[in-house]
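Visitor: If it helps, the file is called upload37.pdb and holds PDB, C-alpha atoms:
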```
ATOM      1  CA  MET V   1       1.741  50.798 -26.137
ATOM      2  CA  THR V   2       4.899  52.810 -25.904
ATOM      3  CA  TYR V   3       6.247  53.535 -29.313
ATOM      4  CA  SER V   4       9.547  55.325 -29.013
ATOM      5  CA  ARG V   5      10.898  56.510 -32.296
ATOM      6  CA  ILE V   6      14.413  57.728 -31.840
ATOM      7  CA  SER V   7      16.478  59.212 -34.626
ATOM      8  CA  ALA V   8      20.144  59.270 -33.832
ATOM      9  CA  SER V   9      21.573  61.573 -36.481
ATOM     10  CA  LEU V  10      20.630  64.147 -39.082
ATOM     11  CA  SER V  11      20.733  61.504 -41.798
ATOM     12  CA  SER V  12      18.032  59.750 -39.799
ATOM     13  CA  PRO V  13      18.774  56.120 -39.113
ATOM     14  CA  ASN V  14      15.675  55.403 -37.069
ATOM     15  CA  VAL V  15      15.711  53.186 -34.022
ATOM     16  CA  ASP V  16      12.235  52.123 -33.069
ATOM     17  CA  VAL V  17      11.798  50.802 -29.566
ATOM     18  CA  ILE V  18       8.458  49.344 -28.619
ATOM     19  CA  ILE V  19       7.821  48.550 -24.993
ATOM     20  CA  ASP V  20       4.435  47.739 -23.547
ATOM     21  CA  MET V  21       4.203  47.885 -19.773
ATOM     22  CA  GLY V  22       0.492  47.172 -19.894
ATOM     23  CA  ASN V  23      -0.411  50.481 -18.260
ATOM     24  CA  PRO V  24      -0.729  53.910 -19.902
ATOM     25  CA  PHE V  25       0.878  55.625 -16.912
ATOM     26  CA  LEU V  26       3.960  53.389 -17.012
ATOM     27  CA  ASN V  27       4.119  53.467 -20.803
ATOM     28  CA  ARG V  28       4.341  57.231 -20.841
ATOM     29  CA  THR V  29       6.932  57.275 -18.104
ATOM     30  CA  VAL V  30       9.145  54.759 -19.912
ATOM     31  CA  ASP V  31       8.663  56.584 -23.196
ATOM     32  CA  GLY V  32       9.658  59.898 -21.602
ATOM     33  CA  PHE V  33      12.677  58.274 -19.991
ATOM     34  CA  LEU V  34      13.884  56.755 -23.265
ATOM     35  CA  LYS V  35      13.314  59.784 -25.458
ATOM     36  CA  ILE V  36      14.670  62.499 -23.224
ATOM     37  CA  GLY V  37      17.462  60.220 -21.994
ATOM     38  CA  THR V  38      18.545  59.734 -25.598
ATOM     39  CA  VAL V  39      18.447  63.464 -26.317
ATOM     40  CA  SER V  40      20.510  64.138 -23.213
ATOM     41  CA  ALA V  41      23.088  61.448 -24.015
ATOM     42  CA  SER V  42      23.340  62.803 -27.556
ATOM     43  CA  ARG V  43      23.968  66.275 -26.199
ATOM     44  CA  VAL V  44      26.877  65.010 -24.096
ATOM     45  CA  ALA V  45      28.230  63.087 -27.097
ATOM     46  CA  ALA V  46      28.039  66.205 -29.297
ATOM     47  CA  GLU V  47      29.715  68.379 -26.679
ATOM     48  CA  GLU V  48      32.518  65.914 -26.032
ATOM     49  CA  THR V  49      33.052  65.403 -29.758
ATOM     50  CA  TYR V  50      33.421  69.135 -30.149
ATOM     51  CA  HIS V  51      35.956  69.252 -27.316
ATOM     52  CA  CYS V  52      37.928  66.434 -28.975
ATOM     53  CA  LEU V  53      37.877  68.232 -32.324
ATOM     54  CA  ARG V  54      39.116  71.411 -30.648
ATOM     55  CA  LYS V  55      42.001  69.641 -28.967
ATOM     56  CA  GLY V  56      42.599  67.458 -32.000
ATOM     57  CA  SER V  57      43.194  64.346 -29.948
ATOM     58  CA  VAL V  58      41.115  61.410 -28.803
ATOM     59  CA  SER V  59      42.324  59.209 -25.971
ATOM     60  CA  SER V  60      40.682  55.994 -24.857
ATOM     61  CA  HIS V  61      40.537  57.397 -21.341
ATOM     62  CA  LYS V  62      38.553  60.368 -22.630
ATOM     63  CA  MET V  63      36.248  58.056 -24.544
ATOM     64  CA  LYS V  64      35.491  56.101 -21.396
ATOM     65  CA  GLU V  65      34.792  59.277 -19.467
ATOM     66  CA  THR V  66      32.451  60.447 -22.219
ATOM     67  CA  LEU V  67      30.535  57.190 -22.225
ATOM     68  CA  LYS V  68      30.182  57.337 -18.462
ATOM     69  CA  LYS V  69      28.960  60.926 -18.648
ATOM     70  CA  MET V  70      26.500  60.038 -21.419
ATOM     71  CA  CYS V  71      24.995  57.288 -19.283
ATOM     72  CA  LYS V  72      24.842  59.458 -16.183
ATOM     73  CA  GLU V  73      23.260  62.454 -17.876
ATOM     74  CA  GLY V  74      20.960  60.265 -19.948
ATOM     75  CA  VAL V  75      19.629  58.504 -16.877
ATOM     76  CA  TYR V  76      19.361  61.749 -14.886
ATOM     77  CA  TRP V  77      17.400  63.750 -17.469
ATOM     78  CA  GLY V  78      15.519  60.678 -18.615
ATOM     79  CA  SER V  79      14.318  60.102 -15.056
ATOM     80  CA  ILE V  80      13.229  63.701 -14.668
ATOM     81  CA  ALA V  81      11.335  63.503 -17.966
ATOM     82  CA  GLY V  82       9.776  60.188 -16.963
ATOM     83  CA  VAL V  83       8.592  61.577 -13.635
ATOM     84  CA  TYR V  84       7.254  64.697 -15.327
ATOM     85  CA  VAL V  85       5.387  62.895 -18.091
ATOM     86  CA  GLY V  86       3.883  60.502 -15.546
ATOM     87  CA  MET V  87       2.896  63.372 -13.247
ATOM     88  CA  GLU V  88       1.318  65.336 -16.055
ATOM     89  CA  TYR V  89      -0.682  62.302 -17.099
ATOM     90  CA  GLY V  90      -1.682  61.757 -13.472
ATOM     91  CA  MET V  91      -2.841  65.376 -13.207
ATOM     92  CA  GLU V  92      -4.891  64.958 -16.355
ATOM     93  CA  ARG V  93      -6.611  61.918 -14.857
ATOM     94  CA  ILE V  94      -7.193  63.577 -11.494
ATOM     95  CA  ARG V  95      -8.363  66.919 -12.849
ATOM     96  CA  GLY V  96     -10.227  65.399 -15.757
ATOM     97  CA  SER V  97      -9.132  68.064 -18.239
ATOM     98  CA  ARG V  98      -6.248  68.770 -20.563
ATOM     99  CA  ASP V  99      -4.735  72.215 -20.239
ATOM    100  CA  TRP V 100      -1.594  74.044 -19.233
ATOM    101  CA  LYS V 101      -2.411  73.747 -15.545
ATOM    102  CA  ASN V 102      -1.576  70.036 -15.722
ATOM    103  CA  ALA V 103       1.878  71.028 -16.941
ATOM    104  CA  LEU V 104       2.228  73.629 -14.183
ATOM    105  CA  LEU V 105       1.246  71.199 -11.426
ATOM    106  CA  GLY V 106       3.144  68.276 -12.928
ATOM    107  CA  GLY V 107       6.243  70.409 -13.320
ATOM    108  CA  ALA V 108       5.989  71.714  -9.766
ATOM    109  CA  ILE V 109       5.667  68.217  -8.302
ATOM    110  CA  THR V 110       8.516  66.971 -10.468
ATOM    111  CA  GLY V 111      10.703  69.896  -9.408
ATOM    112  CA  ALA V 112       9.975  69.176  -5.759
ATOM    113  CA  LEU V 113      10.618  65.430  -6.136
ATOM    114  CA  VAL V 114      13.865  65.952  -8.027
ATOM    115  CA  SER V 115      15.170  68.413  -5.471
ATOM    116  CA  VAL V 116      14.249  66.055  -2.613
ATOM    117  CA  ALA V 117      16.007  63.226  -4.473
ATOM    118  CA  ASP V 118      19.050  65.497  -4.813
ATOM    119  CA  LYS V 119      18.982  65.793  -1.007
ATOM    120  CA  LYS V 120      18.145  69.452  -1.039
ATOM    121  CA  SER V 121      15.859  70.658   1.709
ATOM    122  CA  GLY V 122      13.479  73.367   2.910
ATOM    123  CA  ASP V 123      13.604  76.518   0.809
ATOM    124  CA  LYS V 124      15.340  74.929  -2.130
ATOM    125  CA  VAL V 125      12.587  72.342  -2.632
ATOM    126  CA  VAL V 126       9.988  75.099  -2.953
ATOM    127  CA  ILE V 127      12.157  77.147  -5.295
ATOM    128  CA  GLU V 128      12.805  74.102  -7.475
ATOM    129  CA  ALA V 129       9.077  73.350  -7.496
ATOM    130  CA  ILE V 130       8.350  76.903  -8.693
ATOM    131  CA  LYS V 131      11.063  76.600 -11.344
ATOM    132  CA  GLY V 132       9.777  73.205 -12.470
ATOM    133  CA  GLY V 133       6.266  74.569 -12.793
ATOM    134  CA  ALA V 134       7.479  77.585 -14.769
ATOM    135  CA  VAL V 135       9.610  75.534 -17.152
ATOM    136  CA  ALA V 136       6.801  73.027 -17.743
ATOM    137  CA  THR V 137       4.303  75.837 -18.379
ATOM    138  CA  ALA V 138       6.723  77.484 -20.801
ATOM    139  CA  VAL V 139       7.176  74.194 -22.637
ATOM    140  CA  GLU V 140       3.408  73.745 -22.788
ATOM    141  CA  PHE V 141       2.940  77.223 -24.253
ATOM    142  CA  LEU V 142       5.675  76.576 -26.810
ATOM    143  CA  ASN V 143       3.650  73.573 -28.032
ATOM    144  CA  TYR V 144       0.913  75.842 -29.232
ATOM    145  CA  LEU V 145       3.305  78.320 -30.779
ATOM    146  CA  THR V 146       5.426  76.065 -32.928
TER
ATOM    147  CA  MET Y   1      -2.869  86.996 -36.152
ATOM    148  CA  THR Y   2      -1.180  86.648 -32.841
ATOM    149  CA  TYR Y   3      -3.633  85.581 -30.220
ATOM    150  CA  SER Y   4      -1.913  85.511 -26.850
ATOM    151  CA  ARG Y   5      -4.042  84.090 -24.135
ATOM    152  CA  ILE Y   6      -2.385  84.609 -20.808
ATOM    153  CA  SER Y   7      -3.794  83.335 -17.571
ATOM    154  CA  ALA Y   8      -2.231  84.979 -14.585
ATOM    155  CA  SER Y   9      -3.338  82.772 -11.729
ATOM    156  CA  LEU Y  10      -4.844  79.398 -10.897
ATOM    157  CA  SER Y  11      -8.290  80.963 -10.640
ATOM    158  CA  SER Y  12      -7.794  81.991 -14.253
ATOM    159  CA  PRO Y  13      -8.489  85.645 -14.884
ATOM    160  CA  ASN Y  14      -7.656  85.601 -18.554
ATOM    161  CA  VAL Y  15      -5.875  88.426 -20.265
ATOM    162  CA  ASP Y  16      -6.222  88.209 -23.998
ATOM    163  CA  VAL Y  17      -3.753  90.179 -26.013
ATOM    164  CA  ILE Y  18      -4.224  90.356 -29.739
ATOM    165  CA  ILE Y  19      -1.472  91.840 -31.828
ATOM    166  CA  ASP Y  20      -1.245  91.604 -35.587
ATOM    167  CA  MET Y  21       2.111  92.486 -37.083
ATOM    168  CA  GLY Y  22       0.896  91.539 -40.560
ATOM    169  CA  ASN Y  23       3.508  88.797 -40.931
ATOM    170  CA  PRO Y  24       3.361  85.224 -39.634
ATOM    171  CA  PHE Y  25       7.060  85.252 -38.722
ATOM    172  CA  LEU Y  26       6.740  88.409 -36.636
ATOM    173  CA  ASN Y  27       3.424  87.295 -35.149
ATOM    174  CA  ARG Y  28       4.956  84.112 -33.803
ATOM    175  CA  THR Y  29       7.961  85.918 -32.456
ATOM    176  CA  VAL Y  30       5.824  88.460 -30.615
ATOM    177  CA  ASP Y  31       3.544  85.725 -29.337
ATOM    178  CA  GLY Y  32       6.501  83.716 -28.023
ATOM    179  CA  PHE Y  33       7.940  86.809 -26.383
ATOM    180  CA  LEU Y  34       4.666  87.657 -24.622
ATOM    181  CA  LYS Y  35       3.826  84.162 -23.460
ATOM    182  CA  ILE Y  36       7.195  82.999 -22.232
ATOM    183  CA  GLY Y  37       7.965  86.461 -20.868
ATOM    184  CA  THR Y  38       4.801  86.276 -18.781
ATOM    185  CA  VAL Y  39       5.640  82.794 -17.510
ATOM    186  CA  SER Y  40       9.108  83.942 -16.555
ATOM    187  CA  ALA Y  41       7.876  87.084 -14.794
ATOM    188  CA  SER Y  42       5.320  84.963 -12.921
ATOM    189  CA  ARG Y  43       8.065  82.616 -11.812
ATOM    190  CA  VAL Y  44      10.053  85.496 -10.339
ATOM    191  CA  ALA Y  45       6.897  86.826  -8.657
ATOM    192  CA  ALA Y  46       6.153  83.403  -7.136
ATOM    193  CA  GLU Y  47       9.718  82.972  -5.923
ATOM    194  CA  GLU Y  48       9.908  86.412  -4.382
ATOM    195  CA  THR Y  49       6.501  85.982  -2.769
ATOM    196  CA  TYR Y  50       7.742  82.780  -1.196
ATOM    197  CA  HIS Y  51      10.848  84.538   0.109
ATOM    198  CA  CYS Y  52       8.677  87.287   1.605
ATOM    199  CA  LEU Y  53       6.397  84.730   3.266
ATOM    200  CA  ARG Y  54       9.414  82.972   4.723
ATOM    201  CA  LYS Y  55      10.845  86.168   6.159
ATOM    202  CA  GLY Y  56       7.410  87.415   7.146
ATOM    203  CA  SER Y  57       8.112  90.952   6.041
ATOM    204  CA  VAL Y  58       7.491  93.000   2.911
ATOM    205  CA  SER Y  59       9.376  96.217   2.347
ATOM    206  CA  SER Y  60       8.716  98.649  -0.469
ATOM    207  CA  HIS Y  61      12.369  98.422  -1.407
ATOM    208  CA  LYS Y  62      12.019  94.678  -1.829
ATOM    209  CA  MET Y  63       8.865  95.200  -3.906
ATOM    210  CA  LYS Y  64      10.720  97.501  -6.253
ATOM    211  CA  GLU Y  65      13.561  95.030  -6.604
ATOM    212  CA  THR Y  66      11.083  92.247  -7.389
ATOM    213  CA  LEU Y  67       9.350  94.295 -10.052
ATOM    214  CA  LYS Y  68      12.686  95.136 -11.637
ATOM    215  CA  LYS Y  69      13.707  91.491 -11.599
ATOM    216  CA  MET Y  70      10.349  90.449 -13.082
ATOM    217  CA  CYS Y  71      10.821  92.847 -15.980
ATOM    218  CA  LYS Y  72      14.414  91.821 -16.549
ATOM    219  CA  GLU Y  73      13.776  88.070 -16.484
ATOM    220  CA  GLY Y  74      10.552  88.439 -18.452
ATOM    221  CA  VAL Y  75      12.291  90.346 -21.223
ATOM    222  CA  TYR Y  76      15.299  88.005 -21.201
ATOM    223  CA  TRP Y  77      13.392  84.722 -21.461
ATOM    224  CA  GLY Y  78      10.724  86.298 -23.643
ATOM    225  CA  SER Y  79      13.400  87.368 -26.119
ATOM    226  CA  ILE Y  80      14.966  83.923 -26.167
ATOM    227  CA  ALA Y  81      11.539  82.350 -26.758
ATOM    228  CA  GLY Y  82      10.756  84.900 -29.462
ATOM    229  CA  VAL Y  83      14.014  84.210 -31.277
ATOM    230  CA  TYR Y  84      13.485  80.458 -30.955
ATOM    231  CA  VAL Y  85       9.901  80.463 -32.190
ATOM    232  CA  GLY Y  86      10.873  82.672 -35.102
ATOM    233  CA  MET Y  87      13.859  80.476 -35.947
ATOM    234  CA  GLU Y  88      11.807  77.299 -35.802
ATOM    235  CA  TYR Y  89       9.236  78.821 -38.124
ATOM    236  CA  GLY Y  90      12.022  79.954 -40.418
ATOM    237  CA  MET Y  91      13.466  76.429 -40.471
ATOM    238  CA  GLU Y  92      10.054  75.055 -41.330
ATOM    239  CA  ARG Y  93       9.798  77.433 -44.278
ATOM    240  CA  ILE Y  94      13.334  76.744 -45.490
ATOM    241  CA  ARG Y  95      13.229  72.952 -45.085
ATOM    242  CA  GLY Y  96       9.607  72.674 -46.171
ATOM    243  CA  SER Y  97       8.733  70.071 -43.544
ATOM    244  CA  ARG Y  98       7.560  69.964 -39.947
ATOM    245  CA  ASP Y  99       9.552  67.680 -37.707
ATOM    246  CA  TRP Y 100      11.861  67.643 -34.723
ATOM    247  CA  LYS Y 101      14.859  68.677 -36.818
ATOM    248  CA  ASN Y 102      13.368  72.164 -37.113
ATOM    249  CA  ALA Y 103      13.431  72.329 -33.330
ATOM    250  CA  LEU Y 104      17.016  71.046 -33.219
ATOM    251  CA  LEU Y 105      18.261  73.574 -35.764
ATOM    252  CA  GLY Y 106      16.149  76.428 -34.402
ATOM    253  CA  GLY Y 107      17.343  75.688 -30.874
ATOM    254  CA  ALA Y 108      20.979  75.514 -31.957
ATOM    255  CA  ILE Y 109      20.792  78.855 -33.789
ATOM    256  CA  THR Y 110      18.972  80.436 -30.845
ATOM    257  CA  GLY Y 111      21.577  79.087 -28.421
ATOM    258  CA  ALA Y 112      24.383  80.502 -30.555
ATOM    259  CA  LEU Y 113      22.665  83.893 -30.942
ATOM    260  CA  VAL Y 114      21.891  84.176 -27.238
ATOM    261  CA  SER Y 115      25.441  83.329 -26.239
ATOM    262  CA  VAL Y 116      26.830  85.848 -28.750
ATOM    263  CA  ALA Y 117      24.406  88.455 -27.360
ATOM    264  CA  ASP Y 118      25.670  87.598 -23.873
ATOM    265  CA  LYS Y 119      29.162  88.454 -25.163
ATOM    266  CA  LYS Y 120      30.438  84.936 -24.831
ATOM    267  CA  SER Y 121      32.859  83.780 -27.472
ATOM    268  CA  GLY Y 122      34.520  80.845 -29.191
ATOM    269  CA  ASP Y 123      33.962  77.541 -27.445
ATOM    270  CA  LYS Y 124      31.067  78.735 -25.348
ATOM    271  CA  VAL Y 125      28.994  79.733 -28.380
ATOM    272  CA  VAL Y 126      29.262  76.204 -29.781
ATOM    273  CA  ILE Y 127      28.477  74.597 -26.440
ATOM    274  CA  GLU Y 128      25.437  76.846 -25.996
ATOM    275  CA  ALA Y 129      24.326  76.002 -29.525
ATOM    276  CA  ILE Y 130      24.530  72.279 -28.714
ATOM    277  CA  LYS Y 131      22.638  72.838 -25.470
ATOM    278  CA  GLY Y 132      19.993  74.948 -27.211
ATOM    279  CA  GLY Y 133      19.502  72.262 -29.835
ATOM    280  CA  ALA Y 134      19.217  69.551 -27.190
ATOM    281  CA  VAL Y 135      16.729  71.474 -25.059
ATOM    282  CA  ALA Y 136      14.584  72.343 -28.086
ATOM    283  CA  THR Y 137      14.615  68.723 -29.266
ATOM    284  CA  ALA Y 138      13.648  67.539 -25.789
ATOM    285  CA  VAL Y 139      10.774  70.037 -25.722
ATOM    286  CA  GLU Y 140       9.647  68.867 -29.148
ATOM    287  CA  PHE Y 141       9.657  65.232 -28.015
ATOM    288  CA  LEU Y 142       7.707  66.134 -24.892
ATOM    289  CA  ASN Y 143       4.982  67.548 -27.158
ATOM    290  CA  TYR Y 144       4.231  64.128 -28.496
ATOM    291  CA  LEU Y 145       4.386  62.482 -25.099
ATOM    292  CA  THR Y 146       2.009  64.659 -23.112
TER
END
```
In structure tokens, write the structure found in this file.
Guide:
Amino acid sequence: MTYSRISASLSSPNVDVIIDMGNPFLNRTVDGFLKIGTVSASRVAAEETYHCLRKGSVSSHKMKETLKKMCKEGVYWGSIAGVYVGMEYGMERIRGSRDWKNALLGGAITGALVSVADKKSGDKVVIEAIKGGAVATAVEFLNYLT
Amino acid sequence: MTYSRISASLSSPNVDVIIDMGNPFLNRTVDGFLKIGTVSASRVAAEETYHCLRKGSVSSHKMKETLKKMCKEGVYWGSIAGVYVGMEYGMERIRGSRDWKNALLGGAITGALVSVADKKSGDKVVIEAIKGGAVATAVEFLNYLT
């Protein structure tokens, strides 16, 4: 069961979203999408709020643009996270063990898929795969450090 | 005690580095530096190897450039990771609890510090702080997902 616990601000009003897709693979993917999508949308909101504070003005046009950007970035990063979490889980099932190599492989596949989806080709797909693998491995190592 | 376990390739020759700085804060920082620095240097090595394979030629000049780039990127990302891990630990000590807000605050401070170190100023420092916080929070959420 996917149990997404999302806190929207520092004073912690919690929004709990529970979605059960009936499949651990799908559950993880949806959970990753929701959580990272929310973080990404919040980042855009924080950045745009700062820009508004700097300029000292808020227009309804700007608000609309911000909302659009929040949705776009939320969906984009959420999708990447969903693909990655699903891939890592898939690697764990295929390889039968839990270690940082799942993250490396999952990240590499995700990087390749994302770059193909972005209509990049040839060299760039490989480079993005290497980057994805490196970032995922770094994230995995950070788990054990913090 | 800092116990850095670094695997350099998929066939896993392990290099174990043990460094004790006599202080948990410093130990974590050094550990983060070593681990993420290694990942980053490996990424550069993989990318450059791919470029060489594509071109089908390896020159000693290119090798030297790659080594230089590996060191530079390794130290750069290693430092960022070290600062972040230290900051997150500091937040944990100051706030007295372990949750994703440590990551958010630690990431924001790290983002601000890194952008100041990069000689950016004003707006950019704040934006980098927001980005750092968002990335760290996303990483923290991924911990629980994978």
Visitor: Pull out every residue that the PyMOL selection byres ((chain V) within 9 of (chain Y)) matches in the shown coordinates and put them as a PyMOL selection string.
Guide: chain V and resi 10+28+31-32+35-36+39-40+42-44+46-47+50-51+54+81+85-86+88-89+101+103+123+126-127+130-131+133-135+137-143+145-146
Visitor: What would you get as a CSV table (one decimal) with C-alpha atoms, in the coordinates of the input if chain V were moved onto chain Y by least squares over all of its C-alpha atoms in order?
Guide:
```csv
chain,number,residue,atom,x,y,z
V,1,MET,CA,-2.9,87.1,-36.2
V,2,THR,CA,-1.2,86.7,-32.9
V,3,TYR,CA,-3.7,85.6,-30.2
V,4,SER,CA,-2.0,85.5,-26.9
V,5,ARG,CA,-4.1,84.0,-24.2
V,6,ILE,CA,-2.5,84.5,-20.9
V,7,SER,CA,-3.9,83.3,-17.6
V,8,ALA,CA,-2.4,84.9,-14.6
V,9,SER,CA,-3.5,82.7,-11.7
V,10,LEU,CA,-5.0,79.3,-10.9
V,11,SER,CA,-8.4,80.9,-10.7
V,12,SER,CA,-7.9,81.9,-14.3
V,13,PRO,CA,-8.6,85.5,-14.9
V,14,ASN,CA,-7.8,85.5,-18.6
V,15,VAL,CA,-5.9,88.3,-20.3
V,16,ASP,CA,-6.3,88.2,-24.0
V,17,VAL,CA,-3.8,90.2,-26.0
V,18,ILE,CA,-4.2,90.3,-29.8
V,19,ILE,CA,-1.5,91.8,-31.8
V,20,ASP,CA,-1.3,91.6,-35.6
V,21,MET,CA,2.1,92.5,-37.1
V,22,GLY,CA,0.9,91.6,-40.5
V,23,ASN,CA,3.5,88.8,-40.9
V,24,PRO,CA,3.4,85.3,-39.6
V,25,PHE,CA,7.1,85.3,-38.7
V,26,LEU,CA,6.7,88.4,-36.6
V,27,ASN,CA,3.4,87.3,-35.1
V,28,ARG,CA,5.0,84.1,-33.8
V,29,THR,CA,8.0,86.0,-32.5
V,30,VAL,CA,5.8,88.5,-30.6
V,31,ASP,CA,3.5,85.7,-29.3
V,32,GLY,CA,6.5,83.7,-28.0
V,33,PHE,CA,7.9,86.8,-26.4
V,34,LEU,CA,4.7,87.7,-24.6
V,35,LYS,CA,3.8,84.2,-23.5
V,36,ILE,CA,7.2,83.0,-22.2
V,37,GLY,CA,8.0,86.5,-20.9
V,38,THR,CA,4.8,86.3,-18.8
V,39,VAL,CA,5.6,82.8,-17.5
V,40,SER,CA,9.1,84.0,-16.6
V,41,ALA,CA,7.9,87.1,-14.8
V,42,SER,CA,5.3,85.0,-12.9
V,43,ARG,CA,8.1,82.6,-11.8
V,44,VAL,CA,10.1,85.5,-10.3
V,45,ALA,CA,6.9,86.8,-8.7
V,46,ALA,CA,6.2,83.4,-7.1
V,47,GLU,CA,9.7,83.0,-5.9
V,48,GLU,CA,9.9,86.4,-4.4
V,49,THR,CA,6.5,86.0,-2.8
V,50,TYR,CA,7.8,82.8,-1.2
V,51,HIS,CA,10.9,84.5,0.1
V,52,CYS,CA,8.7,87.3,1.6
V,53,LEU,CA,6.4,84.7,3.3
V,54,ARG,CA,9.5,83.0,4.7
V,55,LYS,CA,10.9,86.2,6.2
V,56,GLY,CA,7.4,87.4,7.1
V,57,SER,CA,8.1,90.9,6.0
V,58,VAL,CA,7.5,93.0,2.9
V,59,SER,CA,9.4,96.2,2.3
V,60,SER,CA,8.7,98.7,-0.5
V,61,HIS,CA,12.4,98.4,-1.4
V,62,LYS,CA,12.0,94.7,-1.8
V,63,MET,CA,8.9,95.2,-3.9
V,64,LYS,CA,10.7,97.5,-6.2
V,65,GLU,CA,13.6,95.0,-6.6
V,66,THR,CA,11.1,92.3,-7.4
V,67,LEU,CA,9.4,94.3,-10.0
V,68,LYS,CA,12.7,95.1,-11.6
V,69,LYS,CA,13.7,91.5,-11.6
V,70,MET,CA,10.4,90.5,-13.1
V,71,CYS,CA,10.8,92.9,-16.0
V,72,LYS,CA,14.4,91.8,-16.6
V,73,GLU,CA,13.8,88.1,-16.5
V,74,GLY,CA,10.6,88.5,-18.5
V,75,VAL,CA,12.3,90.4,-21.2
V,76,TYR,CA,15.3,88.0,-21.2
V,77,TRP,CA,13.4,84.7,-21.5
V,78,GLY,CA,10.7,86.3,-23.6
V,79,SER,CA,13.4,87.4,-26.1
V,80,ILE,CA,15.0,83.9,-26.2
V,81,ALA,CA,11.5,82.4,-26.8
V,82,GLY,CA,10.8,84.9,-29.5
V,83,VAL,CA,14.0,84.2,-31.3
V,84,TYR,CA,13.5,80.5,-31.0
V,85,VAL,CA,9.9,80.5,-32.2
V,86,GLY,CA,10.9,82.7,-35.1
V,87,MET,CA,13.9,80.5,-35.9
V,88,GLU,CA,11.8,77.3,-35.8
V,89,TYR,CA,9.2,78.8,-38.1
V,90,GLY,CA,12.0,80.0,-40.4
V,91,MET,CA,13.5,76.4,-40.5
V,92,GLU,CA,10.1,75.0,-41.3
V,93,ARG,CA,9.8,77.4,-44.3
V,94,ILE,CA,13.3,76.7,-45.5
V,95,ARG,CA,13.2,73.0,-45.1
V,96,GLY,CA,9.6,72.7,-46.1
V,97,SER,CA,8.7,70.1,-43.5
V,98,ARG,CA,7.5,70.0,-39.9
V,99,ASP,CA,9.6,67.7,-37.7
V,100,TRP,CA,11.9,67.6,-34.7
V,101,LYS,CA,14.8,68.7,-36.8
V,102,ASN,CA,13.4,72.2,-37.1
V,103,ALA,CA,13.4,72.3,-33.3
V,104,LEU,CA,17.0,71.0,-33.2
V,105,LEU,CA,18.3,73.6,-35.7
V,106,GLY,CA,16.2,76.4,-34.4
V,107,GLY,CA,17.4,75.7,-30.9
V,108,ALA,CA,21.0,75.5,-32.0
V,109,ILE,CA,20.8,78.8,-33.8
V,110,THR,CA,19.0,80.4,-30.9
V,111,GLY,CA,21.6,79.1,-28.4
V,112,ALA,CA,24.4,80.5,-30.6
V,113,LEU,CA,22.7,83.9,-31.0
V,114,VAL,CA,21.9,84.2,-27.3
V,115,SER,CA,25.5,83.3,-26.3
V,116,VAL,CA,26.9,85.8,-28.8
V,117,ALA,CA,24.5,88.5,-27.4
V,118,ASP,CA,25.7,87.6,-23.9
V,119,LYS,CA,29.2,88.4,-25.2
V,120,LYS,CA,30.5,84.9,-24.9
V,121,SER,CA,32.9,83.8,-27.5
V,122,GLY,CA,34.5,80.8,-29.2
V,123,ASP,CA,34.0,77.5,-27.5
V,124,LYS,CA,31.1,78.7,-25.4
V,125,VAL,CA,29.0,79.7,-28.4
V,126,VAL,CA,29.3,76.2,-29.8
V,127,ILE,CA,28.5,74.6,-26.4
V,128,GLU,CA,25.5,76.9,-26.0
V,129,ALA,CA,24.3,76.0,-29.5
V,130,ILE,CA,24.5,72.3,-28.7
V,131,LYS,CA,22.6,72.8,-25.5
V,132,GLY,CA,20.0,74.9,-27.2
V,133,GLY,CA,19.5,72.3,-29.8
V,134,ALA,CA,19.2,69.5,-27.2
V,135,VAL,CA,16.7,71.5,-25.0
V,136,ALA,CA,14.6,72.3,-28.1
V,137,THR,CA,14.6,68.7,-29.2
V,138,ALA,CA,13.6,67.6,-25.7
V,139,VAL,CA,10.8,70.0,-25.7
V,140,GLU,CA,9.7,68.9,-29.1
V,141,PHE,CA,9.7,65.2,-28.0
V,142,LEU,CA,7.7,66.2,-24.8
V,143,ASN,CA,5.0,67.6,-27.1
V,144,TYR,CA,4.2,64.2,-28.5
V,145,LEU,CA,4.4,62.5,-25.1
V,146,THR,CA,2.0,64.7,-23.1
```
Visitor: Within 10 Å of Met63 of chain Y, counting all atoms listed in the file, which residues show up once you throw out same-chain ones fewer than 4 positions away? Write them as a list in words, please.
Guide: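 Answer for this query is Ala45, Glu48, Thr49, Cys52, Val58, Ser59, Leu67, Lys68 and Lys69 of chain Y.
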Visitor: Go ahead and write the residues just picked, C-alpha atoms, as a PDB file, keeping the file's coordinate frame.
Guide:
```pdb
ATOM      1  CA  ALA Y  45       6.897  86.826  -8.657  1.00  0.00           C
ATOM      2  CA  GLU Y  48       9.908  86.412  -4.382  1.00  0.00           C
ATOM      3  CA  THR Y  49       6.501  85.982  -2.769  1.00  0.00           C
ATOM      4  CA  CYS Y  52       8.677  87.287   1.605  1.00  0.00           C
ATOM      5  CA  VAL Y  58       7.491  93.000   2.911  1.00  0.00           C
ATOM      6  CA  SER Y  59       9.376  96.217   2.347  1.00  0.00           C
ATOM      7  CA  LEU Y  67       9.350  94.295 -10.052  1.00  0.00           C
ATOM      8  CA  LYS Y  68      12.686  95.136 -11.637  1.00  0.00           C
ATOM      9  CA  LYS Y  69      13.707  91.491 -11.599  1.00  0.00           C
TER      10      LYS Y  69
END
```
Visitor: Translate the PyMOL selection byres ((chain Y and resi 111-114) around 6), as applied to the file shown, into an explicit residue set as a PyMOL selection string.
Guide: chain Y and resi 107-110+115-117+125+128-129+132
Visitor: In Å to one decimal, how far is atom CA of Leu26 of chain V from atom CA of Gly90 of chain V?
Guide: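 Atom CA of Gly90 of chain V sits 10.7 Å away from atom CA of Leu26 of chain V.
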Visitor: Distance atom CA of Leu105 of chain Y-atom CA of Ile80 of chain Y, one decimal place?
Guide: 14.5 Å
